[in-house]
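Here's the structure we're looking at; comments come further down.
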Amino acid sequence: MAFRAFHKPPPPEPVPIFGEPPIPLEFLRDLFAWLERPEAPTCTHAHKDTIRFLVDRDLPAEPVLKWLRAGGGYCDCKVVTEVAGKWREKQVEQG
């Protein structure tokens, strides 16, 4: 029986947080503010409020949702806790 060397696969390449948003920055800031508003409903673990915001402003929902998911925003509350903070940090770093 021949000895077979087993090795650990290399770690995956780091995935960038996300690229440029598919909507203008002012709309992105407004989206984050909308989702963070004090009277926001409890998250249903869907993008209900995000989609409402985008549709009300005739913004492209699918590209924005894809971009948000790439940053960890798999629902409205994750858009706030994962994406908004990362995006703000990125903006500060870029000055």
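Just so we're on the same page: first chain in the structure tokens is A, next is B, and so on; residues restart at 1 for each chain, and ligands are numbered from 1 in the order they show up.
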
**Request:** Just the alpha helix (DSSP H) stuff from region 20-75 of chain A, please, per backbone DSSP, written as a VMD selection string.
**Result:** chain A and resid 25 to 36 48 to 56 61 to 70

Residues of the last selection are to be written out with N, CA and C atoms, as a compact mmCIF listing (two decimals), in the first residue's frame.
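Wrote it out as again_22.txt, contents follow:
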```txt
# COMPACT_ATOMS: atom_id res chain seq x y z
N LEU A 25 -23.86 57.53 -3.79
CA LEU A 25 -23.57 57.52 -2.35
C LEU A 25 -24.65 58.18 -1.51
N GLU A 26 -25.25 59.25 -2.00
CA GLU A 26 -26.29 59.91 -1.19
C GLU A 26 -27.47 58.99 -0.94
N PHE A 27 -27.82 58.15 -1.92
CA PHE A 27 -28.90 57.19 -1.72
C PHE A 27 -28.48 56.08 -0.75
N LEU A 28 -27.22 55.68 -0.84
CA LEU A 28 -26.73 54.66 0.09
C LEU A 28 -26.78 55.17 1.52
N ARG A 29 -26.32 56.40 1.73
CA ARG A 29 -26.39 57.00 3.08
C ARG A 29 -27.84 57.10 3.55
N ASP A 30 -28.73 57.50 2.64
CA ASP A 30 -30.15 57.60 2.99
C ASP A 30 -30.74 56.23 3.33
N LEU A 31 -30.32 55.20 2.60
CA LEU A 31 -30.79 53.84 2.89
C LEU A 31 -30.38 53.43 4.30
N PHE A 32 -29.11 53.65 4.64
CA PHE A 32 -28.65 53.29 5.99
C PHE A 32 -29.42 54.07 7.05
N ALA A 33 -29.61 55.35 6.83
CA ALA A 33 -30.36 56.18 7.79
C ALA A 33 -31.80 55.68 7.91
N TRP A 34 -32.42 55.30 6.79
CA TRP A 34 -33.79 54.79 6.79
C TRP A 34 -33.88 53.51 7.62
N LEU A 35 -32.94 52.61 7.43
CA LEU A 35 -32.97 51.34 8.16
C LEU A 35 -32.63 51.52 9.64
N GLU A 36 -31.88 52.56 9.97
CA GLU A 36 -31.47 52.80 11.36
C GLU A 36 -32.42 53.72 12.11
N LYS A 48 -37.22 43.48 3.45
CA LYS A 48 -38.50 44.16 3.25
C LYS A 48 -38.35 45.69 3.21
N ASP A 49 -37.73 46.28 4.21
CA ASP A 49 -37.58 47.74 4.24
C ASP A 49 -36.58 48.23 3.21
N THR A 50 -35.54 47.46 2.95
CA THR A 50 -34.56 47.84 1.93
C THR A 50 -35.23 47.91 0.57
N ILE A 51 -36.01 46.90 0.24
CA ILE A 51 -36.70 46.87 -1.05
C ILE A 51 -37.71 48.01 -1.14
N ARG A 52 -38.42 48.24 -0.07
CA ARG A 52 -39.39 49.36 -0.05
C ARG A 52 -38.69 50.68 -0.34
N PHE A 53 -37.55 50.91 0.33
CA PHE A 53 -36.78 52.13 0.12
C PHE A 53 -36.37 52.26 -1.35
N LEU A 54 -35.82 51.18 -1.91
CA LEU A 54 -35.33 51.22 -3.29
C LEU A 54 -36.46 51.43 -4.29
N VAL A 55 -37.55 50.70 -4.13
CA VAL A 55 -38.68 50.80 -5.05
C VAL A 55 -39.29 52.20 -4.99
N ASP A 56 -39.45 52.74 -3.80
CA ASP A 56 -40.03 54.08 -3.64
C ASP A 56 -39.21 55.16 -4.35
N ALA A 61 -33.27 47.40 -7.52
CA ALA A 61 -33.25 46.55 -6.33
C ALA A 61 -32.26 45.40 -6.43
N GLU A 62 -32.28 44.63 -7.51
CA GLU A 62 -31.44 43.42 -7.58
C GLU A 62 -29.94 43.72 -7.48
N PRO A 63 -29.41 44.69 -8.23
CA PRO A 63 -27.97 44.97 -8.06
C PRO A 63 -27.61 45.46 -6.66
N VAL A 64 -28.50 46.23 -6.06
CA VAL A 64 -28.23 46.73 -4.71
C VAL A 64 -28.27 45.58 -3.71
N LEU A 65 -29.24 44.70 -3.81
CA LEU A 65 -29.33 43.56 -2.90
C LEU A 65 -28.12 42.65 -3.05
N LYS A 66 -27.68 42.44 -4.28
CA LYS A 66 -26.49 41.62 -4.51
C LYS A 66 -25.28 42.26 -3.83
N TRP A 67 -25.13 43.57 -3.98
CA TRP A 67 -24.02 44.30 -3.37
C TRP A 67 -24.09 44.22 -1.84
N LEU A 68 -25.29 44.40 -1.29
CA LEU A 68 -25.46 44.33 0.16
C LEU A 68 -25.12 42.93 0.69
N ARG A 69 -25.57 41.90 -0.02
CA ARG A 69 -25.27 40.52 0.40
C ARG A 69 -23.76 40.26 0.40
N ALA A 70 -23.07 40.83 -0.59
CA ALA A 70 -21.61 40.64 -0.66
C ALA A 70 -20.92 41.19 0.57
```

**Prompt:** Which residues, written as a list in words, have at least one atom at most 10 Å from Cys77 (chain A), with only C-alpha atoms counted and residues fewer than 4 positions away on the same chain left out?
**Reply:** Leu35, Glu36, Thr42, Cys43, Thr44, His45, Ala46, His47, Asp49, Thr50, Gly73, Thr81, Glu82 and Val83 of chain A

Would you save the residues of that selection, restricted to C-alpha atoms, as a short mmCIF file (atom, residue, chain, number, x, y, z; two decimals), in the first residue's frame?
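Now in again-v4.cif:
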```cif
data_model
loop_
_atom_site.label_atom_id
_atom_site.label_comp_id
_atom_site.auth_asym_id
_atom_site.auth_seq_id
_atom_site.Cartn_x
_atom_site.Cartn_y
_atom_site.Cartn_z
CA LEU A 35 -32.97 51.34 8.16
CA GLU A 36 -31.47 52.80 11.36
CA THR A 42 -38.42 44.69 13.96
CA CYS A 43 -36.41 42.85 11.31
CA THR A 44 -38.23 40.01 9.58
CA HIS A 45 -34.87 38.63 8.41
CA ALA A 46 -35.67 39.68 4.86
CA HIS A 47 -34.95 42.83 2.86
CA ASP A 49 -37.58 47.74 4.24
CA THR A 50 -34.56 47.84 1.93
CA GLY A 73 -26.29 42.25 4.52
CA THR A 81 -25.01 45.77 11.59
CA GLU A 82 -22.71 44.45 8.87
CA VAL A 83 -22.76 46.69 5.82
#
```

**Complete:** Using only C-alpha atoms, the shortest atom-to-atom distance to Gly19 (chain A) among A:Arg88, A:Arg57, A:Pro41, A:Gly71 belongs to A:Gly71
